[in-house]
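Enquirer: Just so it is clear, I am handing over run03.pdb, which has PDB, C-alpha atoms and all ligand atoms.
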```pdb
ATOM      1  CA  MET A   1       9.988 -18.645 -10.759
ATOM      2  CA  SER A   2      10.153 -15.991 -13.452
ATOM      3  CA  PHE A   3       7.401 -15.587 -15.996
ATOM      4  CA  PRO A   4       9.146 -17.221 -19.029
ATOM      5  CA  GLU A   5       9.790 -20.330 -16.923
ATOM      6  CA  ARG A   6       6.189 -20.365 -15.760
ATOM      7  CA  ALA A   7       4.949 -19.848 -19.295
ATOM      8  CA  GLY A   8       6.960 -22.897 -20.341
ATOM      9  CA  LEU A   9       5.117 -24.940 -17.739
ATOM     10  CA  ASP A  10       1.744 -23.385 -18.283
ATOM     11  CA  PRO A  11       1.159 -21.474 -21.506
ATOM     12  CA  GLY A  12      -2.515 -20.848 -20.680
ATOM     13  CA  LEU A  13      -2.282 -17.059 -20.865
ATOM     14  CA  ASP A  14      -5.085 -16.497 -23.306
ATOM     15  CA  ASN A  15      -8.091 -17.141 -21.167
ATOM     16  CA  GLY A  16     -11.663 -16.093 -20.743
ATOM     17  CA  GLY A  17     -12.956 -14.763 -17.460
ATOM     18  CA  TYR A  18     -14.574 -11.894 -15.582
ATOM     19  CA  CYS A  19     -12.853  -8.507 -15.396
ATOM     20  CA  PRO A  20     -13.469  -6.577 -12.161
ATOM     21  CA  CYS A  21     -12.416  -3.300 -13.827
ATOM     22  CA  CYS A  22     -14.998  -3.276 -16.626
ATOM     23  CA  ARG A  23     -17.325  -5.673 -14.762
ATOM     24  CA  SER A  24     -17.745  -7.793 -17.868
ATOM     25  CA  GLU A  25     -17.027 -11.226 -19.245
ATOM     26  CA  THR A  26     -13.856 -10.837 -21.250
ATOM     27  CA  ARG A  27     -10.713 -12.409 -22.636
ATOM     28  CA  PHE A  28      -7.338 -11.927 -20.954
ATOM     29  CA  LEU A  29      -4.258 -11.981 -23.138
ATOM     30  CA  VAL A  30      -0.535 -11.580 -22.609
ATOM     31  CA  ASP A  31       1.796 -10.665 -25.450
ATOM     32  CA  GLN A  32       5.065 -10.039 -23.607
ATOM     33  CA  ALA A  33       6.978 -11.833 -20.899
ATOM     34  CA  TRP A  34       6.013  -9.418 -18.129
ATOM     35  CA  LEU A  35       2.532 -10.100 -16.821
ATOM     36  CA  ARG A  36       2.408  -7.028 -14.614
ATOM     37  CA  ASP A  37       2.162  -4.685 -17.614
ATOM     38  CA  HIS A  38       1.066  -6.984 -20.432
ATOM     39  CA  TYR A  39      -1.590  -9.402 -19.115
ATOM     40  CA  ILE A  40      -4.465  -7.237 -20.324
ATOM     41  CA  CYS A  41      -8.246  -7.334 -20.439
ATOM     42  CA  THR A  42      -9.117  -7.107 -24.137
ATOM     43  CA  ARG A  43     -12.228  -5.032 -23.321
ATOM     44  CA  CYS A  44     -10.872  -2.307 -21.004
ATOM     45  CA  ARG A  45      -7.073  -2.767 -21.331
ATOM     46  CA  SER A  46      -6.756  -3.080 -17.533
ATOM     47  CA  ILE A  47      -3.616  -4.715 -16.138
ATOM     48  CA  PRO A  48      -3.359  -7.172 -13.206
ATOM     49  CA  ARG A  49      -2.642  -4.700 -10.382
ATOM     50  CA  GLN A  50      -5.697  -2.598 -11.355
ATOM     51  CA  ARG A  51      -7.911  -5.688 -11.420
ATOM     52  CA  HIS A  52      -6.444  -6.933  -8.130
ATOM     53  CA  LEU A  53      -7.072  -3.647  -6.331
ATOM     54  CA  GLN A  54     -10.642  -3.587  -7.646
ATOM     55  CA  THR A  55     -11.086  -7.215  -6.493
ATOM     56  CA  VAL A  56      -9.892  -6.290  -2.984
ATOM     57  CA  LEU A  57     -12.370  -3.378  -2.890
ATOM     58  CA  ASP A  58     -15.236  -5.651  -4.013
ATOM     59  CA  ALA A  59     -14.323  -8.482  -1.622
ATOM     60  CA  ARG A  60     -13.388  -6.523   1.498
ATOM     61  CA  PHE A  61     -15.205  -3.188   1.222
ATOM     62  CA  SER A  62     -18.656  -4.136  -0.007
ATOM     63  CA  GLY A  63     -20.557  -0.956  -0.915
ATOM     64  CA  TRP A  64     -17.290   0.954  -1.404
ATOM     65  CA  GLU A  65     -18.854   2.777  -4.350
ATOM     66  CA  ALA A  66     -20.769   5.029  -1.908
ATOM     67  CA  LEU A  67     -17.771   5.885   0.297
ATOM     68  CA  ARG A  68     -15.627   9.039   0.218
ATOM     69  CA  ILE A  69     -12.697   7.896  -1.885
ATOM     70  CA  HIS A  70      -9.540   9.751  -2.798
ATOM     71  CA  GLU A  71      -7.038   8.355  -5.262
ATOM     72  CA  SER A  72      -3.587   9.822  -5.529
ATOM     73  CA  SER A  73      -2.028   9.849  -9.011
ATOM     74  CA  PRO A  74      -4.502   7.531 -10.770
ATOM     75  CA  SER A  75      -3.519   6.196 -14.190
ATOM     76  CA  SER A  76      -7.085   5.142 -15.095
ATOM     77  CA  ASP A  77     -10.710   5.875 -14.186
ATOM     78  CA  PHE A  78     -11.491   2.278 -13.213
ATOM     79  CA  ILE A  79     -12.342   3.243  -9.623
ATOM     80  CA  GLY A  80     -13.741   6.706 -10.339
ATOM     81  CA  ARG A  81     -16.263   5.398 -12.877
ATOM     82  CA  PHE A  82     -18.082   3.351 -10.201
ATOM     83  CA  ALA A  83     -17.639   5.636  -7.158
ATOM     84  CA  GLU A  84     -20.151   8.346  -6.247
ATOM     85  CA  ASN A  85     -17.882  10.376  -3.936
ATOM     86  CA  TYR A  86     -14.583  10.056  -5.745
ATOM     87  CA  THR A  87     -11.843  12.664  -5.973
ATOM     88  CA  CYS A  88      -8.324  12.328  -7.314
ATOM     89  CA  SER A  89      -5.164  14.367  -7.486
ATOM     90  CA  GLN A  90      -1.740  14.474  -9.091
ATOM     91  CA  LEU A  91       1.538  15.909  -7.878
ATOM     92  CA  ILE A  92       1.999  18.824 -10.309
ATOM     93  CA  PRO A  93       5.320  20.661 -10.159
ATOM     94  CA  GLY A  94       4.859  24.388  -9.491
ATOM     95  CA  VAL A  95       1.255  24.039  -8.260
ATOM     96  CA  ALA A  96       0.429  24.413  -4.559
ATOM     97  CA  GLY A  97      -1.385  21.601  -2.705
ATOM     98  CA  GLY A  98      -5.154  21.954  -2.969
ATOM     99  CA  GLU A  99      -4.886  24.165  -6.093
ATOM    100  CA  PHE A 100      -6.119  23.112  -9.539
ATOM    101  CA  ARG A 101      -4.461  23.233 -12.929
ATOM    102  CA  ASP A 102      -6.508  22.371 -16.031
ATOM    103  CA  GLY A 103      -9.169  20.920 -13.747
ATOM    104  CA  VAL A 104      -6.714  18.594 -11.974
ATOM    105  CA  ARG A 105      -6.229  18.993  -8.236
ATOM    106  CA  CYS A 106      -2.641  19.073  -7.012
ATOM    107  CA  GLU A 107      -1.773  17.131  -3.849
ATOM    108  CA  ASP A 108       1.532  15.949  -2.428
ATOM    109  CA  VAL A 109       0.938  12.726  -0.444
ATOM    110  CA  GLU A 110       3.661  13.837   1.957
ATOM    111  CA  LYS A 111       1.749  17.099   2.718
ATOM    112  CA  LEU A 112      -1.951  16.597   2.040
ATOM    113  CA  THR A 113      -4.295  19.577   2.347
ATOM    114  CA  PHE A 114      -7.400  17.561   3.338
ATOM    115  CA  PRO A 115      -8.841  17.979   6.859
ATOM    116  CA  ASP A 116      -8.257  15.243   9.454
ATOM    117  CA  GLU A 117     -10.510  12.178   9.179
ATOM    118  CA  SER A 118     -12.264  13.379   6.026
ATOM    119  CA  ILE A 119     -11.752  10.367   3.715
ATOM    120  CA  ASP A 120     -13.080   6.788   3.944
ATOM    121  CA  LEU A 121     -10.756   5.035   1.487
ATOM    122  CA  PHE A 122      -7.420   6.371   0.247
ATOM    123  CA  ILE A 123      -6.053   4.648  -2.834
ATOM    124  CA  THR A 124      -2.556   4.748  -4.282
ATOM    125  CA  GLN A 125      -1.392   2.571  -7.160
ATOM    126  CA  ASP A 126       2.367   2.389  -7.639
ATOM    127  CA  VAL A 127       2.963   5.726  -5.892
ATOM    128  CA  LEU A 128       4.892   4.845  -2.718
ATOM    129  CA  GLU A 129       8.010   3.717  -4.616
ATOM    130  CA  HIS A 130       8.288   7.290  -5.955
ATOM    131  CA  VAL A 131       7.968   9.362  -2.766
ATOM    132  CA  PHE A 132      11.022  10.702  -0.942
ATOM    133  CA  ASP A 133       9.483  10.305   2.515
ATOM    134  CA  PRO A 134       7.249   7.201   2.581
ATOM    135  CA  ARG A 135       6.947   7.453   6.380
ATOM    136  CA  GLY A 136       5.596  11.000   6.056
ATOM    137  CA  ALA A 137       3.244   9.927   3.258
ATOM    138  CA  ILE A 138       1.790   7.037   5.294
ATOM    139  CA  LYS A 139       1.343   9.306   8.321
ATOM    140  CA  GLU A 140      -0.405  11.938   6.194
ATOM    141  CA  ILE A 141      -2.718   9.379   4.592
ATOM    142  CA  HIS A 142      -3.658   8.048   8.030
ATOM    143  CA  ARG A 143      -4.243  11.575   9.312
ATOM    144  CA  VAL A 144      -6.887  12.228   6.641
ATOM    145  CA  LEU A 145      -8.516   8.771   6.954
ATOM    146  CA  ARG A 146     -11.497   8.500   9.258
ATOM    147  CA  PRO A 147     -11.174   5.875  12.006
ATOM    148  CA  GLY A 148     -12.251   2.585  10.438
ATOM    149  CA  GLY A 149     -11.219   3.821   6.977
ATOM    150  CA  ALA A 150      -8.399   2.250   4.990
ATOM    151  CA  HIS A 151      -5.456   2.885   2.727
ATOM    152  CA  ILE A 152      -5.504   0.372  -0.129
ATOM    153  CA  PHE A 153      -2.519   0.347  -2.424
ATOM    154  CA  THR A 154      -0.058  -1.341  -4.714
ATOM    155  CA  THR A 155       3.689  -0.834  -4.881
ATOM    156  CA  PRO A 156       6.470  -3.230  -5.886
ATOM    157  CA  LYS A 157       7.755  -5.366  -3.009
ATOM    158  CA  HIS A 158      10.933  -7.071  -4.201
ATOM    159  CA  PRO A 159      11.148 -10.807  -3.559
ATOM    160  CA  GLY A 160      14.514 -11.790  -2.088
ATOM    161  CA  LEU A 161      15.352  -8.274  -0.932
ATOM    162  CA  ILE A 162      15.693  -8.621   2.848
ATOM    163  CA  GLN A 163      15.914  -4.927   3.648
ATOM    164  CA  THR A 164      14.302  -1.923   1.976
ATOM    165  CA  VAL A 165      16.769   0.149  -0.067
ATOM    166  CA  GLN A 166      16.564   3.889  -0.653
ATOM    167  CA  ARG A 167      17.522   4.696  -4.252
ATOM    168  CA  ALA A 168      17.341   8.499  -4.183
ATOM    169  CA  ARG A 169      16.808  11.303  -1.688
ATOM    170  CA  LEU A 170      16.075  15.012  -1.576
ATOM    171  CA  SER A 171      18.849  17.284  -0.351
ATOM    172  CA  ASN A 172      18.121  20.131   2.078
ATOM    173  CA  ALA A 173      18.217  22.455  -0.932
ATOM    174  CA  GLY A 174      15.482  20.376  -2.593
ATOM    175  CA  THR A 175      17.638  18.788  -5.299
ATOM    176  CA  VAL A 176      17.399  15.089  -6.091
ATOM    177  CA  GLU A 177      20.425  13.067  -5.022
ATOM    178  CA  PRO A 178      20.715   9.581  -6.532
ATOM    179  CA  LEU A 179      22.025   6.968  -4.101
ATOM    180  CA  LEU A 180      21.878   4.182  -6.695
ATOM    181  CA  GLU A 181      21.625   4.158 -10.473
ATOM    182  CA  ALA A 182      18.490   6.113 -11.431
ATOM    183  CA  GLN A 183      15.446   4.023 -12.387
ATOM    184  CA  TYR A 184      12.200   5.392 -13.795
ATOM    185  CA  HIS A 185       8.630   4.163 -14.212
ATOM    186  CA  ASP A 186       6.082   5.558 -16.658
ATOM    187  CA  SER A 187       4.084   8.446 -15.241
ATOM    188  CA  PRO A 188       0.827  10.021 -16.497
ATOM    189  CA  ILE A 189       2.157  13.553 -15.823
ATOM    190  CA  GLY A 190       5.276  15.679 -16.271
ATOM    191  CA  ASP A 191       7.862  14.284 -18.671
ATOM    192  CA  GLY A 192       6.153  10.893 -18.562
ATOM    193  CA  ARG A 193       8.578   9.245 -16.152
ATOM    194  CA  ALA A 194       8.826   9.016 -12.385
ATOM    195  CA  LEU A 195      12.055   8.373 -10.466
ATOM    196  CA  VAL A 196      12.079   5.290  -8.232
ATOM    197  CA  THR A 197      13.092   6.388  -4.719
ATOM    198  CA  TYR A 198      12.708   3.107  -2.792
ATOM    199  CA  ASP A 199      12.980  -0.617  -3.462
ATOM    200  CA  TYR A 200      10.794  -2.147  -0.766
ATOM    201  CA  GLY A 201      11.928  -5.465   0.646
ATOM    202  CA  HIS A 202      10.862  -8.169   3.069
ATOM    203  CA  ASP A 203      10.687  -5.610   5.900
ATOM    204  CA  PHE A 204       8.087  -3.496   4.053
ATOM    205  CA  GLU A 205       5.031  -4.470   6.117
ATOM    206  CA  SER A 206       6.953  -4.006   9.397
ATOM    207  CA  LEU A 207       7.968  -0.516   8.307
ATOM    208  CA  LEU A 208       4.395   0.260   7.257
ATOM    209  CA  SER A 209       2.976  -0.959  10.588
ATOM    210  CA  THR A 210       5.364   1.274  12.501
ATOM    211  CA  TRP A 211       4.623   4.305  10.335
ATOM    212  CA  ALA A 212       0.834   3.819  10.344
ATOM    213  CA  GLY A 213       0.451   2.560  13.927
ATOM    214  CA  ALA A 214      -1.730  -0.215  12.490
ATOM    215  CA  SER A 215      -1.275  -3.676  11.033
ATOM    216  CA  VAL A 216      -0.944  -4.348   7.324
ATOM    217  CA  VAL A 217      -2.883  -6.982   5.430
ATOM    218  CA  THR A 218      -1.046  -8.208   2.329
ATOM    219  CA  VAL A 219      -3.310  -9.736  -0.284
ATOM    220  CA  ASN A 220      -1.844 -11.930  -3.011
ATOM    221  CA  THR A 221      -4.501 -13.465  -5.210
ATOM    222  CA  VAL A 222      -3.683 -15.656  -8.183
ATOM    223  CA  ASP A 223      -6.895 -16.283 -10.141
ATOM    224  CA  ARG A 224      -6.636 -16.157 -13.910
ATOM    225  CA  SER A 225     -10.424 -16.369 -14.257
ATOM    226  CA  ARG A 226     -10.335 -12.749 -13.040
ATOM    227  CA  GLY A 227      -7.089 -11.896 -14.792
ATOM    228  CA  LEU A 228      -5.138 -11.941 -11.520
ATOM    229  CA  ASP A 229      -1.586 -13.169 -11.962
ATOM    230  CA  ALA A 230       1.562 -11.081 -12.113
ATOM    231  CA  GLU A 231       4.956 -10.305 -10.704
ATOM    232  CA  PHE A 232       4.753  -7.875  -7.734
ATOM    233  CA  ASN A 233       1.092  -8.852  -7.399
ATOM    234  CA  GLU A 234       0.422  -7.723  -3.811
ATOM    235  CA  VAL A 235      -2.322  -5.351  -2.752
ATOM    236  CA  PHE A 236      -1.720  -3.880   0.703
ATOM    237  CA  VAL A 237      -4.507  -2.814   3.056
ATOM    238  CA  ILE A 238      -3.948  -0.748   6.193
ATOM    239  CA  ALA A 239      -7.150  -0.044   8.111
ATOM    240  CA  LYS A 240      -7.097   2.896  10.491
ATOM    241  CA  PRO A 241      -8.130   1.558  13.931
ATOM    242  CA  LEU A 242     -11.442   2.798  15.322
ATOM    243  CA  HIS A 243      -9.534   3.624  18.486
ATOM    244  CA  TYR A 244      -5.936   2.995  19.359
ATOM    245  CA  PRO A 245      -5.802   0.364  22.135
ATOM    246  CA  HIS A 246      -2.632   1.806  23.686
ATOM    247  CA  HIS A 247      -4.422   5.141  24.248
ATOM    248  CA  SER A 248      -7.097   3.574  26.468
ATOM    249  CA  SER A 249      -4.517   1.423  28.296
ATOM    250  CA  GLN A 250      -2.503   4.555  29.072
ATOM    251  CA  LYS A 251      -5.647   6.179  30.491
ATOM    252  CA  LEU A 252      -6.248   3.110  32.679
ATOM    253  CA  ILE A 253      -2.616   3.136  33.860
ATOM    254  CA  ASN A 254      -2.902   6.855  34.741
ATOM    255  CA  ARG A 255      -6.106   6.178  36.698
ATOM    256  CA  LEU A 256      -4.549   3.286  38.658
ATOM    257  CA  GLN A 257      -1.469   5.371  39.338
ATOM    258  CA  GLY A 258      -3.733   8.155  40.626
ATOM    259  CA  SER A 259      -5.641   5.837  42.934
ATOM    260  CA  ILE A 260      -2.395   4.399  44.356
ATOM    261  CA  ASP A 261      -1.154   7.940  45.065
ATOM    262  CA  THR A 262      -4.461   8.823  46.724
ATOM    263  CA  ARG A 263      -4.358   5.662  48.866
ATOM    264  CA  ASP A 264      -0.768   6.393  49.985
ATOM    265  CA  ARG A 265      -1.697   9.968  50.870
ATOM    266  CA  ARG A 266      -4.711   8.792  52.899
ATOM    267  CA  ILE A 267      -2.580   6.246  54.812
ATOM    268  CA  ALA A 268       0.043   8.914  55.555
ATOM    269  CA  ALA A 269      -2.642  11.344  56.824
ATOM    270  CA  LEU A 270      -4.139   8.672  59.055
ATOM    271  CA  GLN A 271      -0.726   7.730  60.415
ATOM    272  CA  ASP A 272      -0.119  11.392  61.323
ATOM    273  CA  ALA A 273      -3.460  11.424  63.114
ATOM    274  CA  VAL A 274      -2.544   8.239  65.025
ATOM    275  CA  THR A 275       0.795   9.714  66.102
ATOM    276  CA  GLU A 276      -0.937  12.873  67.308
ATOM    277  CA  LEU A 277      -3.534  10.873  69.227
ATOM    278  CA  ARG A 278      -0.912   8.578  70.796
ATOM    279  CA  GLU A 279       0.813  11.615  72.189
ATOM    280  CA  SER A 280      -2.417  12.614  73.879
ATOM    281  CA  THR A 281      -3.183  11.264  77.378
ATOM    282  CA  SER A 282      -6.838  12.178  77.442
ATOM    283  CA  TRP A 283      -9.320   9.299  77.826
ATOM    284  CA  ARG A 284     -11.398  11.105  75.153
ATOM    285  CA  VAL A 285      -8.955   9.897  72.507
ATOM    286  CA  THR A 286      -9.064   6.172  73.304
ATOM    287  CA  ALA A 287     -12.082   5.331  71.165
ATOM    288  CA  PRO A 288     -11.145   7.398  68.089
ATOM    289  CA  LEU A 289      -7.561   6.075  68.361
ATOM    290  CA  ARG A 290      -8.806   2.488  68.193
ATOM    291  CA  ALA A 291     -11.096   3.301  65.262
ATOM    292  CA  THR A 292      -8.315   5.052  63.368
ATOM    293  CA  THR A 293      -5.826   2.247  63.945
ATOM    294  CA  ASN A 294      -8.358  -0.256  62.612
ATOM    295  CA  ARG A 295      -8.991   1.929  59.582
ATOM    296  CA  VAL A 296      -5.253   2.030  58.784
ATOM    297  CA  ARG A 297      -5.015  -1.752  59.158
ATOM    298  CA  SER A 298      -7.948  -2.344  56.796
ATOM    299  CA  LEU A 299      -6.548   0.052  54.195
ATOM    300  CA  ARG A 300      -3.183  -1.710  54.296
ATOM    301  CA  LYS A 301      -4.829  -5.092  53.789
ATOM    302  CA  ARG A 302      -6.931  -3.922  50.820
ATOM    303  CA  PRO A 303      -5.402  -4.997  47.534
ATOM    304  CA  SER A 304      -4.094  -2.028  45.585
TER     305      SER A 304
HETATM  306 ZN    ZN B   1     -11.811  -5.248 -18.378
END
```
Would you mind writing the file's structure down as structure tokens?
Ligand SMILES: [Zn+2]
Expert:
Amino acid sequence: MSFPERAGLDPGLDNGGYCPCCRSETRFLVDQAWLRDHYICTRCRSIPRQRHLQTVLDARFSGWEALRIHESSPSSDFIGRFAENYTCSQLIPGVAGGEFRDGVRCEDVEKLTFPDESIDLFITQDVLEHVFDPRGAIKEIHRVLRPGGAHIFTTPKHPGLIQTVQRARLSNAGTVEPLLEAQYHDSPIGDGRALVTYDYGHDFESLLSTWAGASVVTVNTVDRSRGLDAEFNEVFVIAKPLHYPHHSSQKLINRLQGSIDTRDRRIAALQDAVTELRESTSWRVTAPLRATTNRVRSLRKRPS
């Protein structure tokens, strides 16, 4: 149901409550028929996705304020103002990754310059719909996350869109090639607008799981007492596993394979010995022959 229809049923969009962004009692107001950008906190001007992300941090990452946090392309200081180890970056055309311009660090989420496993929480708000290689971006983010860390983010997931659609791509020469009519969102840098490269659909979480090698938790909270209600309301959380289960299973498989090989080699060696002994006529071989034959029998009976 679209917002105007909902508003007709429930016009209660001037409500008091608690804002997780300014951590204060406040009043939430909406003045236009698009909650995602216009359902604001009258104290800090935060919008629903910012409050929702902050709510997910508070609810699921208690003590997050002390963690090493990096936020890519922030549009506010709502997270930075509470975090002790917070860094942020923007993608600045003409500036190399890791370099600064006017005190702002440049980073491309598709080619981060941070060392492996150096960040506890990586935050992106409405960034992934603007990258040309979301798979590369997710892989990079998970490279720099420490095991047990998490990528927490918002991006529009389109209801009713079964399959993700690419809207624009980069040619080999580095020029932007539109695949569909160009769409832009507001951006805090450059000419103030950012091209939409992907419309994510119903398959979004499956794609994310494949790219990250980890499951995705999709959080959708509707709670107007915290100013949480909007179109495209999801906050996604991908925790980096402490260890990848398939790695340890592969090790176990290799070990079992090795022991089977060893067992086969031992049986073959014993069989050779038996053949040699059988060819002998000396009474001195009778006892060892019996012992060896028994040993082969017991090895064959042992479960592999
Ligand atoms: Zn507020």
Enquirer: Could you list, as a list in words, all the residues within 6 Å of ligand ZN 1 (chain B), counting all atoms listed in the file?
Expert: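 The neighbouring residues of ligand ZN 1 (chain B) are, in order, Cys19, Cys21, Cys22, Cys41, Arg43, Cys44 and Ser46 of chain A.
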Enquirer: Select, from A:Arg295, A:His185, A:Arg290, A:His130, the residue with the minimum atom-to-atom distance to Ala168 (chain A), counting all atoms listed in the file.
Expert: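 Ranking A:Arg295, A:His185, A:Arg290, A:His130 by distance to Ala168 (chain A), first place goes to A:His130.
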Enquirer: Expanded to explicit residues, what is the PyMOL selection byres (((chain A and resi 151) around 7) and not hetatm) for this file, as a PDB file with C-alpha atoms, keeping the file's coordinate frame?
Expert:
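Dumped to result-v2.pdb:
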```pdb
ATOM      1  CA  LEU A 121     -10.756   5.035   1.487  1.00  0.00           C
ATOM      2  CA  PHE A 122      -7.420   6.371   0.247  1.00  0.00           C
ATOM      3  CA  ILE A 123      -6.053   4.648  -2.834  1.00  0.00           C
ATOM      4  CA  ALA A 150      -8.399   2.250   4.990  1.00  0.00           C
ATOM      5  CA  ILE A 152      -5.504   0.372  -0.129  1.00  0.00           C
ATOM      6  CA  PHE A 153      -2.519   0.347  -2.424  1.00  0.00           C
ATOM      7  CA  VAL A 237      -4.507  -2.814   3.056  1.00  0.00           C
ATOM      8  CA  ILE A 238      -3.948  -0.748   6.193  1.00  0.00           C
ATOM      9  CA  ALA A 239      -7.150  -0.044   8.111  1.00  0.00           C
TER      10      ALA A 239
END
```
Enquirer: Return as AutoDock Vina command-line options the centre and edge lengths, in Å with one decimal, of the box along x, y and z that encloses every atom of region 94-110 of chain A in the file, padded by 4 Å per side.
Expert:
```
--center_x -2.2 --center_y 18.6 --center_z -7.0 --size_x 22.0 --size_y 19.7 --size_z 26.0
```
Enquirer: For Pro134 (chain A), work out the shell of residues within 9 Å, counting all atoms listed in the file and skipping chain neighbours fewer than 4 positions away, then give it as a list in words.
Expert: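 The residues that qualify are Val109, Glu110, Leu128, Glu129, His130, Ile138, Lys139, Tyr198, Leu208 and Trp211 of chain A.
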Enquirer: Within 6 Å of region 221-233 of chain A, counting all atoms listed in the file, which residues qualify if same-chain residues fewer than 2 places away don't, as a compact mmCIF listing (two decimals) with C-alpha atoms, in the frame of the given file?
Expert:
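Result file is out-v9.txt:
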```txt
# COMPACT_ATOMS: atom_id res chain seq x y z
CA GLY A 17 -12.96 -14.76 -17.46
CA TYR A 18 -14.57 -11.89 -15.58
CA CYS A 19 -12.85 -8.51 -15.40
CA LEU A 35 2.53 -10.10 -16.82
CA ARG A 36 2.41 -7.03 -14.61
CA PRO A 48 -3.36 -7.17 -13.21
CA PRO A 156 6.47 -3.23 -5.89
```
Enquirer: Might you spell out which residues the PyMOL selection byres (((chain A and resi 103) around 12) and not hetatm) would select in the displayed file, as a ChimeraX atom specification?
Expert: /A:87-90,92,98-102,104-106
Enquirer: Would you mind exporting the chosen residues as a JSON list (two decimals), in the coordinates of the input, restricted to C-alpha atoms?
Expert:
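Below you can see part13.json, which holds the result:
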```json
[["chain", "number", "residue", "atom", "x", "y", "z"],
["A", 87, "THR", "CA", -11.84, 12.66, -5.97],
["A", 88, "CYS", "CA", -8.32, 12.33, -7.31],
["A", 89, "SER", "CA", -5.16, 14.37, -7.49],
["A", 90, "GLN", "CA", -1.74, 14.47, -9.09],
["A", 92, "ILE", "CA", 2.00, 18.82, -10.31],
["A", 98, "GLY", "CA", -5.15, 21.95, -2.97],
["A", 99, "GLU", "CA", -4.89, 24.16, -6.09],
["A", 100, "PHE", "CA", -6.12, 23.11, -9.54],
["A", 101, "ARG", "CA", -4.46, 23.23, -12.93],
["A", 102, "ASP", "CA", -6.51, 22.37, -16.03],
["A", 104, "VAL", "CA", -6.71, 18.59, -11.97],
["A", 105, "ARG", "CA", -6.23, 18.99, -8.24],
["A", 106, "CYS", "CA", -2.64, 19.07, -7.01]]
```
Enquirer: Have a look at CA of Glu276 (chain A) and CA of Leu299 (chain A) and let me know their distance in Å, one decimal.
Expert: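 Atom-to-atom, CA of Glu276 (chain A) and CA of Leu299 (chain A) are spaced 19.2 Å apart.
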Enquirer: What does the distance from CA of Thr42 (chain A) to CA of Asp77 (chain A) come to in Å, to one decimal?
Expert: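 Going from CA of Thr42 (chain A) over to CA of Asp77 (chain A), I get 16.4 Å.
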Enquirer: Check the smallest atom-to-atom distance from each of A:Thr197, A:Gln50, A:Thr210, A:Asn85 to Glu65 (chain A) using only C-alpha atoms, then report the winner.
Expert: A:Asn85
Enquirer: Pick out the closest residue to Tyr39 (chain A) from this set: A:Val165, A:Tyr184, A:Asp261, A:Arg27. Count only C-alpha atoms.
Expert: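 For Tyr39 (chain A), the nearest of the candidates is A:Arg27.
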Enquirer: Between A:His70, A:Ser76, A:Leu180, A:Leu91, single out the one closest to Ile47 (chain A), counting only C-alpha atoms.
Expert: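 That would be A:Ser76, the residue with the smallest distance to Ile47 (chain A).
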Enquirer: I'd like to know which of A:Ile189, A:Val296, A:Val176, A:Ile162 is closest to Ser75 (chain A), using all atoms listed in the file.
Expert: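 Answer, going by the shortest atom-to-atom distance: A:Ile189.
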Enquirer: Hey, what comes out of the PyMOL selection byres (((chain A and resi 235) around 6) and not hetatm) on this file? Could you write it as a list in words?
Expert: Phe153, Thr154, Thr218, Val219, Glu234 and Phe236 of chain A
Enquirer: Provide the CA of Leu170 (chain A) to CA of Asp133 (chain A) distance in Å, to one decimal place.
Expert: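 Straight-line distance from CA of Leu170 (chain A) to CA of Asp133 (chain A) works out to 9.1 Å.
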Enquirer: Nearest residue to Val144 (chain A) out of A:Ser206, A:Asn294, A:Gln54, A:Thr113, using only C-alpha atoms?
Expert: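 Of A:Ser206, A:Asn294, A:Gln54, A:Thr113, the one nearest Val144 (chain A) is A:Thr113, counting only C-alpha atoms.
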